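S.K.: Structure supplied as target.pdb; contents: PDB, N, CA and C atoms.
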ATOM      1  N   MET A   1     100.930  83.510 125.875  1.00  0.00           N
ATOM      2  CA  MET A   1     100.317  82.210 125.745  1.00  0.00           C
ATOM      3  C   MET A   1      99.631  82.125 124.381  1.00  0.00           C
ATOM      4  N   THR A   2      99.969  81.090 123.654  1.00  0.00           N
ATOM      5  CA  THR A   2      99.362  80.841 122.348  1.00  0.00           C
ATOM      6  C   THR A   2      98.468  79.615 122.454  1.00  0.00           C
ATOM      7  N   LEU A   3      97.262  79.735 121.941  1.00  0.00           N
ATOM      8  CA  LEU A   3      96.341  78.609 121.949  1.00  0.00           C
ATOM      9  C   LEU A   3      96.334  77.923 120.594  1.00  0.00           C
ATOM     10  N   LEU A   4      96.312  76.612 120.617  1.00  0.00           N
ATOM     11  CA  LEU A   4      96.217  75.821 119.393  1.00  0.00           C
ATOM     12  C   LEU A   4      94.828  75.227 119.289  1.00  0.00           C
ATOM     13  N   ASN A   5      94.306  75.185 118.076  1.00  0.00           N
ATOM     14  CA  ASN A   5      93.066  74.448 117.864  1.00  0.00           C
ATOM     15  C   ASN A   5      93.449  72.993 117.585  1.00  0.00           C
ATOM     16  N   ILE A   6      92.460  72.159 117.331  1.00  0.00           N
ATOM     17  CA  ILE A   6      92.731  70.737 117.178  1.00  0.00           C
ATOM     18  C   ILE A   6      93.652  70.450 115.994  1.00  0.00           C
ATOM     19  N   HIS A   7      93.593  71.270 114.961  1.00  0.00           N
ATOM     20  CA  HIS A   7      94.467  71.051 113.803  1.00  0.00           C
ATOM     21  C   HIS A   7      95.916  71.421 114.138  1.00  0.00           C
ATOM     22  N   GLY A   8      96.107  72.465 114.927  1.00  0.00           N
ATOM     23  CA  GLY A   8      97.448  72.827 115.381  1.00  0.00           C
ATOM     24  C   GLY A   8      98.041  71.769 116.291  1.00  0.00           C
ATOM     25  N   ILE A   9      97.199  71.213 117.160  1.00  0.00           N
ATOM     26  CA  ILE A   9      97.648  70.128 118.040  1.00  0.00           C
ATOM     27  C   ILE A   9      98.042  68.929 117.189  1.00  0.00           C
ATOM     28  N   SER A  10      97.225  68.616 116.210  1.00  0.00           N
ATOM     29  CA  SER A  10      97.468  67.493 115.313  1.00  0.00           C
ATOM     30  C   SER A  10      98.795  67.646 114.571  1.00  0.00           C
ATOM     31  N   GLU A  11      99.051  68.839 114.062  1.00  0.00           N
ATOM     32  CA  GLU A  11     100.303  69.087 113.330  1.00  0.00           C
ATOM     33  C   GLU A  11     101.524  68.838 114.205  1.00  0.00           C
ATOM     34  N   ARG A  12     101.431  69.192 115.471  1.00  0.00           N
ATOM     35  CA  ARG A  12     102.590  69.062 116.364  1.00  0.00           C
ATOM     36  C   ARG A  12     102.762  67.658 116.914  1.00  0.00           C
ATOM     37  N   THR A  13     101.663  66.926 117.090  1.00  0.00           N
ATOM     38  CA  THR A  13     101.763  65.599 117.704  1.00  0.00           C
ATOM     39  C   THR A  13     101.763  64.463 116.694  1.00  0.00           C
ATOM     40  N   GLY A  14     101.200  64.702 115.514  1.00  0.00           N
ATOM     41  CA  GLY A  14     101.116  63.655 114.507  1.00  0.00           C
ATOM     42  C   GLY A  14      99.852  62.815 114.599  1.00  0.00           C
ATOM     43  N   ASP A  15      99.033  63.021 115.619  1.00  0.00           N
ATOM     44  CA  ASP A  15      97.761  62.312 115.724  1.00  0.00           C
ATOM     45  C   ASP A  15      96.694  63.078 114.955  1.00  0.00           C
ATOM     46  N   SER A  16      95.778  62.335 114.340  1.00  0.00           N
ATOM     47  CA  SER A  16      94.703  62.975 113.592  1.00  0.00           C
ATOM     48  C   SER A  16      93.734  63.655 114.551  1.00  0.00           C
ATOM     49  N   PRO A  17      93.000  64.649 114.069  1.00  0.00           N
ATOM     50  CA  PRO A  17      91.994  65.286 114.918  1.00  0.00           C
ATOM     51  C   PRO A  17      91.001  64.287 115.521  1.00  0.00           C
ATOM     52  N   GLN A  18      90.579  63.301 114.732  1.00  0.00           N
ATOM     53  CA  GLN A  18      89.633  62.302 115.265  1.00  0.00           C
ATOM     54  C   GLN A  18      90.271  61.492 116.384  1.00  0.00           C
ATOM     55  N   ARG A  19      91.521  61.097 116.210  1.00  0.00           N
ATOM     56  CA  ARG A  19      92.208  60.327 117.254  1.00  0.00           C
ATOM     57  C   ARG A  19      92.387  61.172 118.519  1.00  0.00           C
ATOM     58  N   ILE A  20      92.671  62.447 118.360  1.00  0.00           N
ATOM     59  CA  ILE A  20      92.801  63.347 119.504  1.00  0.00           C
ATOM     60  C   ILE A  20      91.484  63.386 120.281  1.00  0.00           C
ATOM     61  N   ARG A  21      90.372  63.482 119.575  1.00  0.00           N
ATOM     62  CA  ARG A  21      89.060  63.522 120.235  1.00  0.00           C
ATOM     63  C   ARG A  21      88.808  62.241 121.033  1.00  0.00           C
ATOM     64  N   VAL A  22      89.105  61.099 120.423  1.00  0.00           N
ATOM     65  CA  VAL A  22      88.887  59.808 121.083  1.00  0.00           C
ATOM     66  C   VAL A  22      89.789  59.677 122.309  1.00  0.00           C
ATOM     67  N   LEU A  23      91.064  59.976 122.141  1.00  0.00           N
ATOM     68  CA  LEU A  23      92.005  59.850 123.251  1.00  0.00           C
ATOM     69  C   LEU A  23      91.694  60.833 124.372  1.00  0.00           C
ATOM     70  N   ARG A  24      91.193  62.002 124.035  1.00  0.00           N
ATOM     71  CA  ARG A  24      90.824  62.993 125.051  1.00  0.00           C
ATOM     72  C   ARG A  24      89.743  62.440 125.969  1.00  0.00           C
ATOM     73  N   VAL A  25      88.740  61.822 125.374  1.00  0.00           N
ATOM     74  CA  VAL A  25      87.643  61.243 126.150  1.00  0.00           C
ATOM     75  C   VAL A  25      88.150  60.094 127.019  1.00  0.00           C
ATOM     76  N   GLN A  26      89.169  59.378 126.542  1.00  0.00           N
ATOM     77  CA  GLN A  26      89.725  58.241 127.286  1.00  0.00           C
ATOM     78  C   GLN A  26      90.700  58.676 128.377  1.00  0.00           C
ATOM     79  N   GLY A  27      90.950  59.984 128.494  1.00  0.00           N
ATOM     80  CA  GLY A  27      91.811  60.482 129.564  1.00  0.00           C
ATOM     81  C   GLY A  27      93.288  60.546 129.216  1.00  0.00           C
ATOM     82  N   HIS A  28      93.620  60.695 127.947  1.00  0.00           N
ATOM     83  CA  HIS A  28      95.017  60.790 127.504  1.00  0.00           C
ATOM     84  C   HIS A  28      95.763  61.869 128.275  1.00  0.00           C
ATOM     85  N   GLU A  29      97.006  61.587 128.603  1.00  0.00           N
ATOM     86  CA  GLU A  29      97.864  62.488 129.388  1.00  0.00           C
ATOM     87  C   GLU A  29      97.881  63.917 128.852  1.00  0.00           C
ATOM     88  N   LEU A  30      98.012  64.085 127.556  1.00  0.00           N
ATOM     89  CA  LEU A  30      98.056  65.419 126.952  1.00  0.00           C
ATOM     90  C   LEU A  30      96.667  65.911 126.567  1.00  0.00           C
ATOM     91  N   TYR A  31      95.960  65.100 125.806  1.00  0.00           N
ATOM     92  CA  TYR A  31      94.711  65.566 125.205  1.00  0.00           C
ATOM     93  C   TYR A  31      93.609  65.823 126.231  1.00  0.00           C
ATOM     94  N   SER A  32      93.677  65.190 127.381  1.00  0.00           N
ATOM     95  CA  SER A  32      92.654  65.429 128.404  1.00  0.00           C
ATOM     96  C   SER A  32      92.758  66.845 128.975  1.00  0.00           C
ATOM     97  N   GLN A  33      93.860  67.533 128.701  1.00  0.00           N
ATOM     98  CA  GLN A  33      94.034  68.916 129.161  1.00  0.00           C
ATOM     99  C   GLN A  33      93.380  69.931 128.221  1.00  0.00           C
ATOM    100  N   ALA A  34      92.963  69.475 127.042  1.00  0.00           N
ATOM    101  CA  ALA A  34      92.296  70.367 126.079  1.00  0.00           C
ATOM    102  C   ALA A  34      90.888  70.682 126.576  1.00  0.00           C
ATOM    103  N   TRP A  35      90.426  71.875 126.263  1.00  0.00           N
ATOM    104  CA  TRP A  35      89.085  72.264 126.685  1.00  0.00           C
ATOM    105  C   TRP A  35      88.298  72.780 125.492  1.00  0.00           C
ATOM    106  N   LYS A  36      86.985  72.680 125.620  1.00  0.00           N
ATOM    107  CA  LYS A  36      86.096  73.191 124.578  1.00  0.00           C
ATOM    108  C   LYS A  36      85.865  74.673 124.816  1.00  0.00           C
ATOM    109  N   THR A  37      85.761  75.418 123.739  1.00  0.00           N
ATOM    110  CA  THR A  37      85.586  76.865 123.842  1.00  0.00           C
ATOM    111  C   THR A  37      84.124  77.273 123.923  1.00  0.00           C
ATOM    112  N   GLY A  38      83.228  76.316 124.008  1.00  0.00           N
ATOM    113  CA  GLY A  38      81.802  76.599 124.131  1.00  0.00           C
ATOM    114  C   GLY A  38      81.099  75.415 124.758  1.00  0.00           C
ATOM    115  N   THR A  39      79.791  75.481 124.819  1.00  0.00           N
ATOM    116  CA  THR A  39      79.036  74.412 125.458  1.00  0.00           C
ATOM    117  C   THR A  39      78.485  73.385 124.481  1.00  0.00           C
ATOM    118  N   ALA A  40      78.486  73.696 123.208  1.00  0.00           N
ATOM    119  CA  ALA A  40      77.972  72.760 122.201  1.00  0.00           C
ATOM    120  C   ALA A  40      78.931  71.583 122.040  1.00  0.00           C
ATOM    121  N   GLN A  41      78.373  70.432 121.690  1.00  0.00           N
ATOM    122  CA  GLN A  41      79.196  69.240 121.494  1.00  0.00           C
ATOM    123  C   GLN A  41      80.244  69.464 120.407  1.00  0.00           C
ATOM    124  N   SER A  42      79.933  70.287 119.431  1.00  0.00           N
ATOM    125  CA  SER A  42      80.859  70.535 118.324  1.00  0.00           C
ATOM    126  C   SER A  42      81.785  71.734 118.572  1.00  0.00           C
ATOM    127  N   SER A  43      81.805  72.253 119.785  1.00  0.00           N
ATOM    128  CA  SER A  43      82.680  73.401 120.092  1.00  0.00           C
ATOM    129  C   SER A  43      84.140  73.016 119.873  1.00  0.00           C
ATOM    130  N   PRO A  44      84.941  73.947 119.349  1.00  0.00           N
ATOM    131  CA  PRO A  44      86.347  73.657 119.079  1.00  0.00           C
ATOM    132  C   PRO A  44      87.139  73.375 120.360  1.00  0.00           C
ATOM    133  N   LEU A  45      88.119  72.498 120.223  1.00  0.00           N
ATOM    134  CA  LEU A  45      89.040  72.221 121.318  1.00  0.00           C
ATOM    135  C   LEU A  45      90.217  73.171 121.242  1.00  0.00           C
ATOM    136  N   LYS A  46      90.743  73.549 122.383  1.00  0.00           N
ATOM    137  CA  LYS A  46      91.921  74.420 122.466  1.00  0.00           C
ATOM    138  C   LYS A  46      92.890  73.848 123.492  1.00  0.00           C
ATOM    139  N   LEU A  47      94.158  74.094 123.269  1.00  0.00           N
ATOM    140  CA  LEU A  47      95.198  73.691 124.201  1.00  0.00           C
ATOM    141  C   LEU A  47      96.380  74.627 124.022  1.00  0.00           C
ATOM    142  N   GLU A  48      97.030  74.968 125.116  1.00  0.00           N
ATOM    143  CA  GLU A  48      98.165  75.892 125.061  1.00  0.00           C
ATOM    144  C   GLU A  48      99.338  75.252 124.314  1.00  0.00           C
ATOM    145  N   SER A  49      99.949  76.009 123.414  1.00  0.00           N
ATOM    146  CA  SER A  49     101.050  75.484 122.604  1.00  0.00           C
ATOM    147  C   SER A  49     102.229  75.065 123.467  1.00  0.00           C
ATOM    148  N   GLU A  50     102.467  75.768 124.564  1.00  0.00           N
ATOM    149  CA  GLU A  50     103.595  75.434 125.435  1.00  0.00           C
ATOM    150  C   GLU A  50     103.425  74.038 126.030  1.00  0.00           C
ATOM    151  N   ILE A  51     102.196  73.681 126.397  1.00  0.00           N
ATOM    152  CA  ILE A  51     101.926  72.352 126.959  1.00  0.00           C
ATOM    153  C   ILE A  51     102.157  71.286 125.898  1.00  0.00           C
ATOM    154  N   VAL A  52     101.673  71.550 124.684  1.00  0.00           N
ATOM    155  CA  VAL A  52     101.847  70.598 123.581  1.00  0.00           C
ATOM    156  C   VAL A  52     103.327  70.437 123.258  1.00  0.00           C
ATOM    157  N   ASP A  53     104.056  71.538 123.126  1.00  0.00           N
ATOM    158  CA  ASP A  53     105.478  71.474 122.781  1.00  0.00           C
ATOM    159  C   ASP A  53     106.282  70.725 123.844  1.00  0.00           C
ATOM    160  N   GLU A  54     105.961  70.956 125.104  1.00  0.00           N
ATOM    161  CA  GLU A  54     106.654  70.269 126.196  1.00  0.00           C
ATOM    162  C   GLU A  54     106.396  68.764 126.136  1.00  0.00           C
ATOM    163  N   TRP A  55     105.157  68.385 125.878  1.00  0.00           N
ATOM    164  CA  TRP A  55     104.796  66.974 125.800  1.00  0.00           C
ATOM    165  C   TRP A  55     105.495  66.308 124.615  1.00  0.00           C
ATOM    166  N   VAL A  56     105.493  66.974 123.465  1.00  0.00           N
ATOM    167  CA  VAL A  56     106.142  66.427 122.268  1.00  0.00           C
ATOM    168  C   VAL A  56     107.645  66.240 122.525  1.00  0.00           C
ATOM    169  N   ALA A  57     108.285  67.217 123.147  1.00  0.00           N
ATOM    170  CA  ALA A  57     109.717  67.113 123.448  1.00  0.00           C
ATOM    171  C   ALA A  57     109.987  65.940 124.387  1.00  0.00           C
ATOM    172  N   LYS A  58     109.122  65.764 125.363  1.00  0.00           N
ATOM    173  CA  LYS A  58     109.278  64.655 126.311  1.00  0.00           C
ATOM    174  C   LYS A  58     109.140  63.309 125.597  1.00  0.00           C
ATOM    175  N   GLN A  59     108.184  63.216 124.679  1.00  0.00           N
ATOM    176  CA  GLN A  59     107.984  61.976 123.927  1.00  0.00           C
ATOM    177  C   GLN A  59     109.180  61.684 123.024  1.00  0.00           C
ATOM    178  N   ARG A  60     109.700  62.714 122.383  1.00  0.00           N
ATOM    179  CA  ARG A  60     110.876  62.524 121.512  1.00  0.00           C
ATOM    180  C   ARG A  60     112.093  62.106 122.311  1.00  0.00           C
ATOM    181  N   ALA A  61     112.269  62.711 123.479  1.00  0.00           N
ATOM    182  CA  ALA A  61     113.415  62.361 124.338  1.00  0.00           C
ATOM    183  C   ALA A  61     113.305  60.908 124.785  1.00  0.00           C
ATOM    184  N   ALA A  62     112.106  60.458 125.128  1.00  0.00           N
ATOM    185  CA  ALA A  62     111.907  59.085 125.556  1.00  0.00           C
ATOM    186  C   ALA A  62     112.182  58.122 124.412  1.00  0.00           C
ATOM    187  N   THR A  63     111.732  58.469 123.214  1.00  0.00           N
ATOM    188  CA  THR A  63     111.962  57.630 122.040  1.00  0.00           C
ATOM    189  C   THR A  63     113.438  57.551 121.718  1.00  0.00           C
ATOM    190  N   THR A  64     114.134  58.683 121.785  1.00  0.00           N
ATOM    191  CA  THR A  64     115.572  58.716 121.519  1.00  0.00           C
ATOM    192  C   THR A  64     116.314  57.871 122.556  1.00  0.00           C
ATOM    193  N   HIS A  65     115.904  57.967 123.803  1.00  0.00           N
ATOM    194  CA  HIS A  65     116.538  57.200 124.872  1.00  0.00           C
ATOM    195  C   HIS A  65     116.370  55.695 124.628  1.00  0.00           C
ATOM    196  N   LEU A  66     115.203  55.279 124.178  1.00  0.00           N
ATOM    197  CA  LEU A  66     114.952  53.862 123.924  1.00  0.00           C
ATOM    198  C   LEU A  66     115.802  53.359 122.758  1.00  0.00           C
ATOM    199  N   ARG A  67     116.019  54.191 121.759  1.00  0.00           N
ATOM    200  CA  ARG A  67     116.817  53.788 120.593  1.00  0.00           C
ATOM    201  C   ARG A  67     118.284  53.620 120.953  1.00  0.00           C
ATOM    202  N   THR A  68     118.775  54.403 121.890  1.00  0.00           N
ATOM    203  CA  THR A  68     120.195  54.339 122.241  1.00  0.00           C
ATOM    204  C   THR A  68     120.475  53.330 123.343  1.00  0.00           C
ATOM    205  N   ALA A  69     119.440  52.828 123.980  1.00  0.00           N
ATOM    206  CA  ALA A  69     119.641  51.874 125.083  1.00  0.00           C
ATOM    207  C   ALA A  69     119.912  50.484 124.579  1.00  0.00           C
TER
END
Could you render the structure as structure tokens?
M.R.:
Amino acid sequence: MTLLNIHGISERTGDSPQRIRVLRVQGHELYSQAWKTGTAQSSPLKLESEIVDEWVAKQRAATTHLRTA
């Protein structure tokens, strides 16, 4: 299991770190699964790379399907 920090998540999804933080609080399907590594408000967010990669692949497949329909 590989953990990604917010910058790694950002690189794979294309959303900025700030947008990830906002969407996480709003209950985003992917970003709400990220957790803080400490109790401070500024603690880094982490998320498993496998979860991120699976979500990105699903989004790309959906986009490709819409383009061919």
S.K.: (97.1, 68.1, 124.8) in this file's frame - what residues fall within 6.5 Å of it? Use all atoms listed in the file and give the answer as JSON, numbers by chain.
M.R.: {"A": [29, 30, 31, 32, 33, 34, 47, 51, 52]}
S.K.: Choose the residue, out of A:Thr13, A:Thr39, A:Leu4, A:Leu23, that has the smallest atom-to-atom separation from Trp55 in chain A; count only C-alpha atoms.
M.R.: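 Looking at the shortest contact to Trp55 in chain A, the residue is A:Thr13.
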S.K.: Check chain A with DSSP on the backbone and list each residue it calls strand (DSSP E or B), as a list in words.
M.R.: Leu3, Leu4, Asn5, Trp35, Lys36, Leu45, Lys46, Leu47 and Glu48 of chain A
S.K.: Write a file of the just-selected residues containing N, CA and C atoms, as a PDB file, in the frame of the given file.
M.R.:
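The resulting file, out01.pdb, is reproduced below:
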ATOM      1  N   LEU A   3      97.262  79.735 121.941  1.00  0.00           N
ATOM      2  CA  LEU A   3      96.341  78.609 121.949  1.00  0.00           C
ATOM      3  C   LEU A   3      96.334  77.923 120.594  1.00  0.00           C
ATOM      4  N   LEU A   4      96.312  76.612 120.617  1.00  0.00           N
ATOM      5  CA  LEU A   4      96.217  75.821 119.393  1.00  0.00           C
ATOM      6  C   LEU A   4      94.828  75.227 119.289  1.00  0.00           C
ATOM      7  N   ASN A   5      94.306  75.185 118.076  1.00  0.00           N
ATOM      8  CA  ASN A   5      93.066  74.448 117.864  1.00  0.00           C
ATOM      9  C   ASN A   5      93.449  72.993 117.585  1.00  0.00           C
ATOM     10  N   TRP A  35      90.426  71.875 126.263  1.00  0.00           N
ATOM     11  CA  TRP A  35      89.085  72.264 126.685  1.00  0.00           C
ATOM     12  C   TRP A  35      88.298  72.780 125.492  1.00  0.00           C
ATOM     13  N   LYS A  36      86.985  72.680 125.620  1.00  0.00           N
ATOM     14  CA  LYS A  36      86.096  73.191 124.578  1.00  0.00           C
ATOM     15  C   LYS A  36      85.865  74.673 124.816  1.00  0.00           C
ATOM     16  N   LEU A  45      88.119  72.498 120.223  1.00  0.00           N
ATOM     17  CA  LEU A  45      89.040  72.221 121.318  1.00  0.00           C
ATOM     18  C   LEU A  45      90.217  73.171 121.242  1.00  0.00           C
ATOM     19  N   LYS A  46      90.743  73.549 122.383  1.00  0.00           N
ATOM     20  CA  LYS A  46      91.921  74.420 122.466  1.00  0.00           C
ATOM     21  C   LYS A  46      92.890  73.848 123.492  1.00  0.00           C
ATOM     22  N   LEU A  47      94.158  74.094 123.269  1.00  0.00           N
ATOM     23  CA  LEU A  47      95.198  73.691 124.201  1.00  0.00           C
ATOM     24  C   LEU A  47      96.380  74.627 124.022  1.00  0.00           C
ATOM     25  N   GLU A  48      97.030  74.968 125.116  1.00  0.00           N
ATOM     26  CA  GLU A  48      98.165  75.892 125.061  1.00  0.00           C
ATOM     27  C   GLU A  48      99.338  75.252 124.314  1.00  0.00           C
TER      28      GLU A  48
END
S.K.: Among chain A, which residues carry a DSSP assignment of alpha helix (DSSP H), reported as a ChimeraX atom specification?
M.R.: /A:6-13,17-25,49-68
S.K.: Report the distance between CA of Thr64 in chain A and atom N of Gln26 in chain A in Å, rounded to one decimal place.
M.R.: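 Taking CA of Thr64 in chain A and atom N of Gln26 in chain A, their separation equals 26.9 Å.
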S.K.: Go ahead and compute the interatomic distance for atom C of Trp35 in chain A and atom N of Ala61 in chain A, in Å to one decimal.
M.R.: 26.1 Å
S.K.: Smallest atom-to-atom distance to Ser10 in chain A: which of A:Leu45, A:Gly27, A:Arg60, A:Thr37, using only C-alpha atoms?
M.R.: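 Using only C-alpha atoms, Ser10 in chain A sits closest to A:Leu45.
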S.K.: So how many Å separate CA of Arg19 in chain A and atom N of Ala62 in chain A, to one decimal?
M.R.: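 CA of Arg19 in chain A sits 21.4 Å away from atom N of Ala62 in chain A.
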S.K.: Taking all atoms of range 46-55 of chain A that the file lists and extending 8 Å past them on each side, where is the centre of the axis-aligned box and how long are its edges? Answer in Å to one decimal, as JSON.
M.R.:
{"center_x": 98.7, "center_y": 71.2, "center_z": 124.7, "size_x": 31.9, "size_y": 25.7, "size_z": 20.6}
S.K.: Please evaluate the PyMOL selection byres (((chain A and resi 1 and name CA) around 7) and name CA) against the structure above and give the resulting residues as a PyMOL selection string.
M.R.: chain A and resi 2-3+48
S.K.: Rebuild all heavy atoms on range 18-28 of chain A, as a PDB file, in the frame of the given file?
M.R.:
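The new file selection.pdb reads:
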ATOM      1  N   GLN A  18      90.579  63.301 114.732  1.00  0.00           N
ATOM      2  CA  GLN A  18      89.633  62.302 115.265  1.00  0.00           C
ATOM      3  C   GLN A  18      90.271  61.492 116.384  1.00  0.00           C
ATOM      4  O   GLN A  18      89.653  61.236 117.408  1.00  0.00           O
ATOM      5  CB  GLN A  18      89.142  61.370 114.147  1.00  0.00           C
ATOM      6  CG  GLN A  18      88.131  60.344 114.631  1.00  0.00           C
ATOM      7  CD  GLN A  18      86.892  60.970 115.265  1.00  0.00           C
ATOM      8  OE1 GLN A  18      86.429  62.030 114.847  1.00  0.00           O
ATOM      9  NE2 GLN A  18      86.358  60.331 116.281  1.00  0.00           N
ATOM     10  N   ARG A  19      91.521  61.097 116.210  1.00  0.00           N
ATOM     11  CA  ARG A  19      92.208  60.327 117.254  1.00  0.00           C
ATOM     12  C   ARG A  19      92.387  61.172 118.519  1.00  0.00           C
ATOM     13  O   ARG A  19      92.250  60.675 119.627  1.00  0.00           O
ATOM     14  CB  ARG A  19      93.565  59.852 116.740  1.00  0.00           C
ATOM     15  CG  ARG A  19      94.331  59.030 117.761  1.00  0.00           C
ATOM     16  CD  ARG A  19      95.184  57.974 117.096  1.00  0.00           C
ATOM     17  NE  ARG A  19      96.035  57.301 118.052  1.00  0.00           N
ATOM     18  CZ  ARG A  19      95.636  56.290 118.829  1.00  0.00           C
ATOM     19  NH1 ARG A  19      94.392  55.870 118.758  1.00  0.00           N
ATOM     20  NH2 ARG A  19      96.466  55.710 119.664  1.00  0.00           N
ATOM     21  N   ILE A  20      92.671  62.447 118.360  1.00  0.00           N
ATOM     22  CA  ILE A  20      92.801  63.347 119.504  1.00  0.00           C
ATOM     23  C   ILE A  20      91.484  63.386 120.281  1.00  0.00           C
ATOM     24  O   ILE A  20      91.480  63.310 121.512  1.00  0.00           O
ATOM     25  CB  ILE A  20      93.217  64.760 119.051  1.00  0.00           C
ATOM     26  CG1 ILE A  20      94.656  64.722 118.533  1.00  0.00           C
ATOM     27  CG2 ILE A  20      93.063  65.772 120.177  1.00  0.00           C
ATOM     28  CD1 ILE A  20      95.101  65.985 117.828  1.00  0.00           C
ATOM     29  N   ARG A  21      90.372  63.482 119.575  1.00  0.00           N
ATOM     30  CA  ARG A  21      89.060  63.522 120.235  1.00  0.00           C
ATOM     31  C   ARG A  21      88.808  62.241 121.033  1.00  0.00           C
ATOM     32  O   ARG A  21      88.357  62.284 122.180  1.00  0.00           O
ATOM     33  CB  ARG A  21      87.945  63.721 119.207  1.00  0.00           C
ATOM     34  CG  ARG A  21      87.903  65.092 118.617  1.00  0.00           C
ATOM     35  CD  ARG A  21      86.722  65.230 117.646  1.00  0.00           C
ATOM     36  NE  ARG A  21      86.837  66.451 116.880  1.00  0.00           N
ATOM     37  CZ  ARG A  21      87.334  66.535 115.647  1.00  0.00           C
ATOM     38  NH1 ARG A  21      87.760  65.457 115.017  1.00  0.00           N
ATOM     39  NH2 ARG A  21      87.404  67.696 115.033  1.00  0.00           N
ATOM     40  N   VAL A  22      89.105  61.099 120.423  1.00  0.00           N
ATOM     41  CA  VAL A  22      88.887  59.808 121.083  1.00  0.00           C
ATOM     42  C   VAL A  22      89.789  59.677 122.309  1.00  0.00           C
ATOM     43  O   VAL A  22      89.333  59.317 123.396  1.00  0.00           O
ATOM     44  CB  VAL A  22      89.137  58.641 120.093  1.00  0.00           C
ATOM     45  CG1 VAL A  22      89.183  57.304 120.812  1.00  0.00           C
ATOM     46  CG2 VAL A  22      88.075  58.635 119.004  1.00  0.00           C
ATOM     47  N   LEU A  23      91.064  59.976 122.141  1.00  0.00           N
ATOM     48  CA  LEU A  23      92.005  59.850 123.251  1.00  0.00           C
ATOM     49  C   LEU A  23      91.694  60.833 124.372  1.00  0.00           C
ATOM     50  O   LEU A  23      91.889  60.526 125.553  1.00  0.00           O
ATOM     51  CB  LEU A  23      93.440  60.027 122.758  1.00  0.00           C
ATOM     52  CG  LEU A  23      93.958  58.912 121.851  1.00  0.00           C
ATOM     53  CD1 LEU A  23      95.331  59.282 121.282  1.00  0.00           C
ATOM     54  CD2 LEU A  23      94.012  57.590 122.583  1.00  0.00           C
ATOM     55  N   ARG A  24      91.193  62.002 124.035  1.00  0.00           N
ATOM     56  CA  ARG A  24      90.824  62.993 125.051  1.00  0.00           C
ATOM     57  C   ARG A  24      89.743  62.440 125.969  1.00  0.00           C
ATOM     58  O   ARG A  24      89.828  62.541 127.191  1.00  0.00           O
ATOM     59  CB  ARG A  24      90.336  64.276 124.381  1.00  0.00           C
ATOM     60  CG  ARG A  24      89.880  65.339 125.366  1.00  0.00           C
ATOM     61  CD  ARG A  24      89.422  66.587 124.607  1.00  0.00           C
ATOM     62  NE  ARG A  24      88.865  67.556 125.523  1.00  0.00           N
ATOM     63  CZ  ARG A  24      87.570  67.635 125.820  1.00  0.00           C
ATOM     64  NH1 ARG A  24      86.702  66.824 125.248  1.00  0.00           N
ATOM     65  NH2 ARG A  24      87.145  68.541 126.678  1.00  0.00           N
ATOM     66  N   VAL A  25      88.740  61.822 125.374  1.00  0.00           N
ATOM     67  CA  VAL A  25      87.643  61.243 126.150  1.00  0.00           C
ATOM     68  C   VAL A  25      88.150  60.094 127.019  1.00  0.00           C
ATOM     69  O   VAL A  25      87.668  59.877 128.128  1.00  0.00           O
ATOM     70  CB  VAL A  25      86.515  60.763 125.202  1.00  0.00           C
ATOM     71  CG1 VAL A  25      85.468  59.962 125.940  1.00  0.00           C
ATOM     72  CG2 VAL A  25      85.886  61.952 124.499  1.00  0.00           C
ATOM     73  N   GLN A  26      89.169  59.378 126.542  1.00  0.00           N
ATOM     74  CA  GLN A  26      89.725  58.241 127.286  1.00  0.00           C
ATOM     75  C   GLN A  26      90.700  58.676 128.377  1.00  0.00           C
ATOM     76  O   GLN A  26      91.221  57.842 129.098  1.00  0.00           O
ATOM     77  CB  GLN A  26      90.427  57.278 126.328  1.00  0.00           C
ATOM     78  CG  GLN A  26      89.481  56.603 125.365  1.00  0.00           C
ATOM     79  CD  GLN A  26      90.192  55.726 124.352  1.00  0.00           C
ATOM     80  OE1 GLN A  26      91.420  55.727 124.232  1.00  0.00           O
ATOM     81  NE2 GLN A  26      89.422  54.978 123.597  1.00  0.00           N
ATOM     82  N   GLY A  27      90.950  59.984 128.494  1.00  0.00           N
ATOM     83  CA  GLY A  27      91.811  60.482 129.564  1.00  0.00           C
ATOM     84  C   GLY A  27      93.288  60.546 129.216  1.00  0.00           C
ATOM     85  O   GLY A  27      94.145  60.479 130.105  1.00  0.00           O
ATOM     86  N   HIS A  28      93.620  60.695 127.947  1.00  0.00           N
ATOM     87  CA  HIS A  28      95.017  60.790 127.504  1.00  0.00           C
ATOM     88  C   HIS A  28      95.763  61.869 128.275  1.00  0.00           C
ATOM     89  O   HIS A  28      95.230  62.942 128.556  1.00  0.00           O
ATOM     90  CB  HIS A  28      95.036  61.098 126.005  1.00  0.00           C
ATOM     91  CG  HIS A  28      96.396  61.093 125.395  1.00  0.00           C
ATOM     92  ND1 HIS A  28      97.211  62.208 125.414  1.00  0.00           N
ATOM     93  CD2 HIS A  28      97.081  60.118 124.755  1.00  0.00           C
ATOM     94  CE1 HIS A  28      98.341  61.920 124.791  1.00  0.00           C
ATOM     95  NE2 HIS A  28      98.284  60.653 124.389  1.00  0.00           N
TER      96      HIS A  28
END
